[in-house]
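Source file: input-v2.txt; contents: compact mmCIF, C-alpha atoms.
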# COMPACT_ATOMS: atom_id res chain seq x y z
CA MET P 1 -30.01 -125.90 -1.77
CA SER P 2 -29.77 -122.14 -2.26
CA THR P 3 -31.53 -121.07 -5.45
CA ALA P 4 -33.60 -118.17 -6.73
CA LEU P 5 -36.54 -120.40 -7.55
CA PRO P 6 -40.16 -119.82 -6.57
CA SER P 7 -41.35 -121.21 -3.26
CA LYS P 8 -43.90 -123.99 -3.32
CA PRO P 9 -47.38 -122.51 -3.68
CA SER P 10 -50.33 -123.71 -1.65
CA GLY P 11 -52.10 -126.57 -3.41
CA ALA P 12 -49.16 -127.44 -5.69
CA PRO P 13 -49.44 -130.92 -7.26
CA GLU P 14 -47.69 -133.82 -5.61
CA PRO P 15 -46.12 -136.73 -7.49
CA PRO P 16 -46.62 -139.47 -8.38
CA GLY P 17 -49.82 -140.03 -10.34
CA GLN P 18 -51.03 -136.40 -10.42
CA ALA P 19 -48.99 -135.02 -13.31
CA PRO P 20 -50.56 -132.27 -15.40
CA ALA P 21 -51.95 -133.18 -18.81
CA GLY P 22 -49.46 -133.43 -21.65
CA PHE P 23 -45.68 -133.57 -21.48
CA HIS P 24 -44.32 -133.39 -17.91
CA HIS P 25 -41.00 -131.46 -18.02
CA GLU P 26 -39.19 -130.74 -14.74
CA LEU P 27 -35.95 -128.96 -13.90
CA TYR P 28 -34.13 -130.36 -10.87
CA PRO P 29 -31.43 -128.00 -9.51
CA TYR P 30 -29.01 -129.83 -7.21
CA ARG P 31 -25.60 -129.51 -5.60
CA GLY P 32 -23.28 -132.47 -5.20
CA GLU P 33 -23.64 -136.20 -5.71
CA GLU P 34 -25.91 -136.78 -2.73
CA GLN P 35 -28.55 -134.33 -3.94
CA PHE P 36 -28.22 -135.65 -7.49
CA LEU P 37 -28.98 -139.18 -6.30
CA THR P 38 -31.81 -138.10 -3.99
CA GLY P 39 -33.71 -136.36 -6.79
CA THR P 40 -33.07 -138.76 -9.64
CA LEU P 41 -33.64 -141.93 -7.62
CA GLY P 42 -36.87 -140.50 -6.25
CA PHE P 43 -38.04 -139.82 -9.82
CA ILE P 44 -37.03 -143.35 -10.88
CA HIS P 45 -38.76 -145.05 -7.96
CA GLU P 46 -41.94 -143.13 -8.73
CA ALA P 47 -41.75 -144.55 -12.25
CA LEU P 48 -41.12 -148.12 -11.08
CA GLU P 49 -44.05 -147.98 -8.66
CA ALA P 50 -46.28 -146.88 -11.56
CA ASP P 51 -44.88 -149.64 -13.86
CA GLU P 52 -43.28 -147.07 -16.15
CA ALA P 53 -40.04 -147.45 -18.09
CA VAL P 54 -37.11 -145.08 -17.56
CA VAL P 55 -34.46 -143.79 -19.98
CA VAL P 56 -31.38 -142.16 -18.44
CA ALA P 57 -29.01 -139.97 -20.48
CA VAL P 58 -26.52 -138.31 -18.12
CA PRO P 59 -22.71 -137.81 -18.09
CA PRO P 60 -20.63 -140.97 -17.46
CA ASP P 61 -19.82 -140.15 -13.82
CA LYS P 62 -23.53 -139.73 -13.03
CA THR P 63 -24.35 -142.94 -14.91
CA SER P 64 -21.98 -144.85 -12.64
CA LEU P 65 -23.59 -143.37 -9.53
CA LEU P 66 -27.07 -144.45 -10.60
CA GLN P 67 -26.03 -147.89 -11.82
CA ASN P 68 -24.41 -148.60 -8.46
CA GLU P 69 -27.74 -147.83 -6.73
CA LEU P 70 -30.12 -149.59 -9.12
CA ALA P 71 -28.51 -153.04 -9.38
CA ASP P 72 -29.40 -153.69 -13.04
CA GLU P 73 -33.07 -152.74 -12.73
CA PRO P 74 -34.57 -154.04 -16.03
CA ALA P 75 -37.05 -151.17 -16.39
CA VAL P 76 -34.23 -148.60 -16.46
CA THR P 77 -32.26 -148.14 -19.68
CA PHE P 78 -29.06 -146.11 -19.81
CA VAL P 79 -28.10 -144.41 -23.07
CA ASP P 80 -24.95 -142.46 -23.89
CA PRO P 81 -25.89 -138.84 -24.74
CA ALA P 82 -22.55 -138.50 -26.56
CA THR P 83 -23.92 -140.71 -29.35
CA ALA P 84 -26.10 -137.77 -30.42
CA GLY P 85 -22.94 -135.78 -31.14
CA PRO P 86 -21.93 -132.27 -30.06
CA ASN P 87 -24.81 -130.41 -31.75
CA PRO P 88 -27.82 -129.77 -29.45
CA GLY P 89 -29.96 -129.73 -32.60
CA ARG P 90 -29.74 -133.53 -32.70
CA LEU P 91 -31.02 -134.14 -29.19
CA ILE P 92 -34.77 -134.00 -29.86
CA GLY P 93 -34.38 -136.59 -32.58
CA ALA P 94 -32.36 -138.75 -30.20
CA TRP P 95 -34.91 -138.43 -27.38
CA THR P 96 -37.74 -139.19 -29.79
CA ALA P 97 -36.06 -142.47 -30.67
CA TRP P 98 -35.05 -143.38 -27.09
CA LEU P 99 -38.50 -142.74 -25.62
CA ALA P 100 -40.35 -144.45 -28.45
CA GLN P 101 -38.18 -147.55 -28.16
CA GLN P 102 -38.82 -147.96 -24.45
CA GLY P 103 -42.48 -146.96 -24.77
CA ASP P 104 -43.29 -149.62 -27.34
CA GLY P 105 -46.88 -150.73 -26.88
CA GLY P 106 -47.97 -147.48 -25.23
CA ARG P 107 -46.06 -147.95 -21.97
CA PRO P 108 -45.44 -144.60 -20.20
CA VAL P 109 -41.77 -143.60 -20.13
CA ARG P 110 -39.81 -141.22 -17.91
CA GLY P 111 -36.58 -139.68 -19.15
CA ILE P 112 -33.70 -138.23 -17.15
CA GLY P 113 -31.50 -135.98 -19.24
CA GLU P 114 -28.64 -133.85 -17.97
CA SER P 115 -27.01 -131.64 -20.59
CA ALA P 116 -23.28 -130.99 -20.45
CA TRP P 117 -23.73 -127.39 -19.30
CA ARG P 118 -20.23 -127.10 -17.87
CA ARG P 119 -18.60 -128.36 -21.06
CA THR P 120 -20.18 -125.94 -23.51
CA ARG P 121 -17.68 -124.86 -26.15
CA SER P 122 -18.95 -121.34 -26.80
CA ALA P 123 -21.67 -118.82 -25.96
CA GLY P 124 -23.50 -119.97 -29.08
CA HIS P 125 -23.40 -123.60 -27.95
CA LEU P 126 -24.78 -122.62 -24.53
CA GLU P 127 -27.63 -120.67 -26.13
CA GLU P 128 -28.56 -123.63 -28.34
CA LEU P 129 -28.59 -125.97 -25.32
CA ARG P 130 -31.09 -123.68 -23.61
CA TYR P 131 -33.13 -123.43 -26.81
CA HIS P 132 -33.20 -127.24 -27.00
CA GLU P 133 -34.71 -127.39 -23.50
CA TRP P 134 -37.43 -124.91 -24.54
CA LEU P 135 -38.10 -126.84 -27.76
CA MET P 136 -38.63 -130.07 -25.82
CA ASN P 137 -41.91 -128.58 -24.63
CA GLN P 138 -42.96 -128.02 -28.25
CA ALA P 139 -41.76 -131.39 -29.48
CA PHE P 140 -43.60 -133.47 -26.86
CA ALA P 141 -46.49 -131.14 -25.99
CA GLN P 142 -49.12 -133.78 -26.76
CA SER P 143 -47.13 -136.76 -25.42
CA SER P 144 -48.90 -137.43 -22.14
CA ALA P 145 -47.12 -140.79 -21.85
CA TYR P 146 -43.72 -139.07 -21.50
CA SER P 147 -42.15 -137.29 -18.52
CA MET P 148 -38.73 -135.67 -18.32
CA LEU P 149 -36.49 -134.72 -15.40
CA CYS P 150 -33.54 -132.44 -16.19
CA PRO P 151 -30.94 -132.38 -13.39
CA TYR P 152 -28.90 -129.17 -13.31
CA ASP P 153 -25.83 -128.76 -11.10
CA ASP P 154 -26.08 -125.17 -9.91
CA ALA P 155 -22.96 -125.23 -7.74
CA ASP P 156 -20.76 -122.24 -8.57
CA GLN P 157 -23.33 -121.06 -11.13
CA ASP P 158 -24.67 -117.52 -10.91
CA GLN P 159 -28.39 -117.06 -10.46
CA ASN P 160 -28.78 -115.58 -13.96
CA ALA P 161 -27.55 -118.85 -15.48
CA LEU P 162 -29.92 -120.89 -13.33
CA ARG P 163 -32.87 -118.65 -14.14
CA ALA P 164 -32.13 -118.80 -17.88
CA VAL P 165 -32.31 -122.61 -17.77
CA SER P 166 -35.27 -122.57 -15.39
CA ARG P 167 -37.36 -120.48 -17.77
CA CYS P 168 -37.28 -123.33 -20.31
CA HIS P 169 -39.03 -125.76 -17.92
CA PRO P 170 -42.73 -125.61 -16.94
CA LEU P 171 -42.06 -127.41 -13.63
CA ILE P 172 -39.45 -127.30 -10.87
CA ARG P 173 -38.61 -130.24 -8.59
CA GLN P 174 -37.56 -129.57 -5.00
CA ASP P 175 -37.60 -131.84 -1.95
CA GLY P 176 -39.11 -134.73 -3.89
CA GLN P 177 -42.05 -132.67 -5.20
CA TYR P 178 -42.70 -130.64 -8.31
CA MET P 179 -44.37 -127.25 -8.59
CA PRO P 180 -45.39 -124.93 -11.43
CA ASN P 181 -42.59 -122.65 -12.57
CA THR P 182 -43.89 -119.08 -12.66
CA ASP P 183 -40.84 -117.99 -14.70
CA HIS P 184 -41.51 -120.48 -17.51
CA LEU P 185 -41.34 -119.05 -21.04
CA ASN P 186 -44.68 -120.10 -22.45
CA ASP P 187 -44.64 -117.64 -25.37
CA ARG P 188 -44.71 -118.96 -28.91
CA VAL P 189 -41.48 -117.12 -29.79
CA TYR P 190 -38.18 -117.88 -28.02
CA PRO P 191 -36.28 -114.73 -26.92
CA PHE P 192 -32.89 -115.41 -28.48
CA GLU P 193 -29.88 -113.39 -27.54
CA ALA P 194 -28.45 -111.45 -30.49
CA LEU P 195 -25.98 -113.36 -32.65
CA LEU P 196 -22.40 -112.23 -32.20
CA ALA P 197 -21.00 -110.12 -35.03
CA PRO P 198 -18.75 -111.91 -37.55
CA CYS P 199 -15.07 -111.91 -36.69
CA ASP P 200 -12.75 -109.87 -38.92
CA PRO P 201 -11.51 -110.70 -41.40
CA TYR P 202 -14.49 -112.46 -42.98
CA GLN P 203 -15.20 -113.47 -46.55
CA GLU P 204 -18.52 -112.55 -48.18
CA ILE P 205 -20.13 -113.72 -51.40
CA SER P 206 -23.63 -113.31 -52.85
CA TYR P 207 -25.18 -116.25 -54.63
CA THR P 208 -28.13 -117.20 -56.77
CA ASP P 209 -29.18 -120.08 -58.99
CA GLY P 210 -26.12 -121.56 -60.70
CA ASP P 211 -23.62 -120.48 -58.02
CA LEU P 212 -23.60 -123.63 -55.87
CA ALA P 213 -20.27 -124.89 -57.27
CA ALA P 214 -18.64 -121.53 -56.52
CA ILE P 215 -20.10 -121.54 -52.99
CA ARG P 216 -18.72 -125.02 -52.27
CA ALA P 217 -15.29 -124.10 -53.63
CA LYS P 218 -15.15 -120.93 -51.56
CA VAL P 219 -16.15 -122.71 -48.37
CA SER P 220 -13.74 -125.58 -48.96
CA GLN P 221 -10.80 -123.22 -49.40
CA CYS P 222 -11.69 -121.04 -46.41
CA ALA P 223 -12.33 -124.09 -44.18
CA ALA P 224 -9.00 -125.64 -45.14
CA ASP P 225 -7.18 -122.36 -44.44
CA ALA P 226 -8.88 -122.15 -41.02
CA GLY P 227 -7.78 -125.67 -40.03
CA VAL P 228 -11.03 -127.63 -40.34
CA PRO P 229 -10.12 -131.36 -40.62
CA GLU P 230 -10.46 -132.79 -44.12
CA GLN P 231 -13.25 -135.20 -43.17
CA GLN P 232 -15.24 -132.34 -41.66
CA GLN P 233 -14.65 -130.23 -44.77
CA ALA P 234 -16.50 -132.85 -46.83
CA LYS P 235 -19.45 -132.81 -44.41
CA LEU P 236 -19.52 -129.02 -44.43
CA ALA P 237 -19.61 -128.96 -48.24
CA VAL P 238 -22.80 -131.05 -48.20
CA ALA P 239 -24.42 -128.88 -45.51
CA VAL P 240 -23.47 -125.69 -47.37
CA THR P 241 -25.05 -127.02 -50.56
CA GLU P 242 -28.29 -127.84 -48.73
CA ILE P 243 -28.61 -124.45 -47.01
CA ALA P 244 -27.71 -122.44 -50.12
CA THR P 245 -30.23 -124.49 -52.12
CA ASN P 246 -32.89 -123.69 -49.52
CA SER P 247 -32.13 -119.98 -49.94
CA ILE P 248 -32.52 -120.19 -53.70
CA ARG P 249 -35.73 -122.23 -53.55
CA HIS P 250 -37.47 -120.68 -50.55
CA GLY P 251 -35.60 -117.46 -49.70
CA GLY P 252 -36.33 -115.27 -52.69
CA GLY P 253 -33.93 -116.88 -55.16
CA SER P 254 -30.70 -115.51 -53.72
CA GLY P 255 -28.70 -115.01 -50.55
CA THR P 256 -25.44 -113.87 -49.00
CA MET P 257 -22.81 -116.11 -47.45
CA ARG P 258 -20.09 -115.10 -45.02
CA THR P 259 -17.28 -117.26 -43.62
CA TRP P 260 -14.88 -116.62 -40.76
CA ALA P 261 -12.89 -118.30 -38.01
CA GLN P 262 -13.52 -117.52 -34.33
CA GLU P 263 -11.59 -119.08 -31.45
CA THR P 264 -11.92 -122.85 -32.10
CA GLU P 265 -14.67 -122.72 -34.74
CA PHE P 266 -15.11 -122.09 -38.44
CA VAL P 267 -18.46 -120.47 -39.28
CA CYS P 268 -20.50 -120.25 -42.49
CA GLU P 269 -23.40 -117.80 -42.33
CA PHE P 270 -26.26 -117.70 -44.85
CA ARG P 271 -28.76 -114.83 -45.04
CA ASP P 272 -31.83 -114.62 -47.26
CA ALA P 273 -35.31 -113.09 -47.37
CA GLY P 274 -37.19 -116.31 -46.56
CA TYR P 275 -39.02 -117.27 -43.38
CA ILE P 276 -39.06 -120.63 -41.56
CA PRO P 277 -42.28 -120.73 -39.47
CA ASP P 278 -41.73 -124.24 -38.09
CA VAL P 279 -39.44 -124.07 -35.02
CA MET P 280 -38.99 -127.86 -35.26
CA ALA P 281 -37.61 -127.72 -38.81
CA GLY P 282 -34.48 -129.85 -38.97
CA ARG P 283 -34.95 -131.34 -35.49
CA ILE P 284 -37.00 -134.41 -36.43
CA ARG P 285 -35.89 -136.97 -39.02
CA PRO P 286 -38.11 -136.61 -42.13
CA PRO P 287 -40.12 -139.70 -43.15
CA VAL P 288 -38.38 -141.85 -45.75
CA ASP P 289 -41.18 -141.22 -48.26
CA GLN P 290 -41.09 -137.43 -47.86
CA ILE P 291 -39.99 -135.52 -50.93
CA GLY P 292 -37.59 -132.72 -50.02
CA GLY P 293 -37.39 -130.98 -46.67
CA ARG P 294 -34.14 -132.63 -45.58
CA GLY P 295 -31.72 -129.70 -45.85
CA LEU P 296 -31.87 -128.47 -42.26
CA TRP P 297 -31.95 -132.03 -40.89
CA LEU P 298 -28.77 -132.88 -42.82
CA ALA P 299 -27.10 -129.67 -41.67
CA HIS P 300 -27.77 -130.59 -38.03
CA GLN P 301 -26.40 -134.10 -38.57
CA LEU P 302 -23.26 -132.93 -40.36
CA CYS P 303 -22.22 -129.81 -38.44
CA ASP P 304 -20.98 -129.36 -34.88
CA LEU P 305 -23.48 -126.55 -34.26
CA VAL P 306 -26.32 -124.97 -36.24
CA GLN P 307 -27.99 -121.67 -35.36
CA ILE P 308 -31.23 -120.67 -37.10
CA ARG P 309 -32.84 -117.26 -36.65
CA SER P 310 -35.92 -116.54 -38.74
CA ALA P 311 -38.61 -113.85 -38.60
CA PRO P 312 -41.19 -112.69 -41.17
CA ASP P 313 -39.87 -109.11 -41.15
CA ARG P 314 -36.14 -109.90 -41.04
CA GLY P 315 -35.68 -113.03 -43.14
CA THR P 316 -33.57 -116.01 -42.17
CA THR P 317 -30.01 -116.41 -40.93
CA VAL P 318 -28.43 -119.86 -40.68
CA ARG P 319 -24.97 -120.34 -39.17
CA LEU P 320 -23.09 -123.60 -39.64
CA HIS P 321 -20.24 -124.20 -37.18
CA MET P 322 -17.40 -126.68 -37.53
CA ASP P 323 -14.75 -127.23 -34.87
CA ILE P 324 -11.20 -126.40 -35.85
CA ALA P 325 -8.50 -128.98 -35.23
CA PRO P 326 -6.32 -128.11 -32.21
Whole structure, structure tokens version:
Amino acid sequence: MSTALPSKPSGAPEPPGQAPAGFHHELYPYRGEEQFLTGTLGFIHEALEADEAVVVAVPPDKTSLLQNELADEPAVTFVDPATAGPNPGRLIGAWTAWLAQQGDGGRPVRGIGESAWRRTRSAGHLEELRYHEWLMNQAFAQSSAYSMLCPYDDADQDQNALRAVSRCHPLIRQDGQYMPNTDHLNDRVYPFEALLAPCDPYQEISYTDGDLAAIRAKVSQCAADAGVPEQQQAKLAVAVTEIATNSIRHGGGSGTMRTWAQETEFVCEFRDAGYIPDVMAGRIRPPVDQIGGRGLWLAHQLCDLVQIRSAPDRGTTVRLHMDIAP
């Protein structure tokens, strides 16, 4: 395997049974089916020897490969990652549910999750997939009962793409062993790439309390003109209401909305003066007895992609993406 990853340092930990404290999150770069099976089966057999459960969420072709090798092993559960939908913002909620279900009673659980890197729909989608990988470390930081292996097919991928994904993982697996990743982003702030400028022509409208009906009407008309399917228009109207309401309540009482079409997407952008300090906002399902705080969660569930950029000195930008019908 030819990669630009760090060599194994002297004294690096050896699996199994010697994982560092807290969430154990490994990237496994591979090339071809044989290397995929070698790494993932090794990770699974380590789990079985330690009496741990395993959850596997990989593309259908990789699922078939593993199922053929495992012969209905009862400790291994396969889930379809497509059930989480196209938005990477839903994946932490999905993994929270999958791991908790298999870890009932405190049983340690290992997950194998391969994102659909080669089927990303846009540069924004790719960025949010990487951000999801970084957020996994925040979401499960205290979950010492959970481990995660993330296979990544680096064939025909440039080294910049591999390094960008690598930086979101504290550990790297090579030759059946893991090692600390010296390139890991362990800062508290994720270094987002700049959002692309809106496509011309775009529509812009300012809003404040009492303007929600006008916002919904504007979005509905623009989305219909852009070719967003009718069912998706209804979902977008709900998400737009939630985000605009958040601006009014928490973003200084007002905001600015822009809408435009780009390639195969329709985009609604909201800007206000508020700040969202919680990077996990909208990623975890709120408790049923919680009052409020569901706007970002609903937006993630209803839209095909959500981008959130928030800083104390720059305010908050939220972009809601809906796919346009072919």
In Å, rounded to a single decimal, give me how far atom CA of P:Glu26 is from atom CA of P:Asp154.
->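 So the answer is 15.0 Å.
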Just give me the gap between atom CA of P:Pro86 and atom CA of P:Ile205 in Å, one decimal is fine.
->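 Between these atoms lies a distance of 28.3 Å.
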Taking 3 positions as the minimum chain separation for residues in the same chain, which residues sit within 7 Å of P:Gln174 when counting only C-alpha atoms? Answer as an mmCIF file with C-alpha atoms, in the frame of the given file.
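Generated file (part03.cif):
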data_model
loop_
_atom_site.group_PDB
_atom_site.id
_atom_site.type_symbol
_atom_site.label_atom_id
_atom_site.label_comp_id
_atom_site.auth_asym_id
_atom_site.auth_seq_id
_atom_site.Cartn_x
_atom_site.Cartn_y
_atom_site.Cartn_z
ATOM 1 C CA TYR P 28 -34.130 -130.360 -10.870
ATOM 2 C CA GLN P 177 -42.050 -132.670 -5.200
ATOM 3 C CA TYR P 178 -42.700 -130.640 -8.310
#
Excluding P:Lys218 and any residue of its chain fewer than 6 positions from it, enumerate the residues within 12 Å of it, using all atoms listed in the file, and give them as an NGL selection string.
-> :P and (203-207 or 211-212 or 224-225 or 233 or 236-237 or 240-241 or 257-260 or 268)
Just how far from atom CA of P:Ala53 is atom CA of P:Val76, in Å to one decimal?
->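 Rounded to one decimal, the two atoms are 6.1 Å apart.
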Write out as JSON lines a residue-level contact list of stretch 182-226 of chain P versus stretch 306-322 of chain P with cut-off 10 Å: for each qualifying residue the closest pair of atoms and the distance in Å to one decimal, counting all atoms listed in the file, rows sorted by chain and residue number upward.
{"residue": "P:Val189", "atom": "CA", "partner": "P:Ala311", "partner_atom": "CA", "distance": 9.8}
{"residue": "P:Phe192", "atom": "CA", "partner": "P:Arg309", "partner_atom": "CA", "distance": 8.4}
{"residue": "P:Ala194", "atom": "CA", "partner": "P:Arg309", "partner_atom": "CA", "distance": 9.5}
{"residue": "P:Leu195", "atom": "CA", "partner": "P:Arg309", "partner_atom": "CA", "distance": 8.8}
{"residue": "P:Ala223", "atom": "CA", "partner": "P:Met322", "partner_atom": "CA", "distance": 8.8}
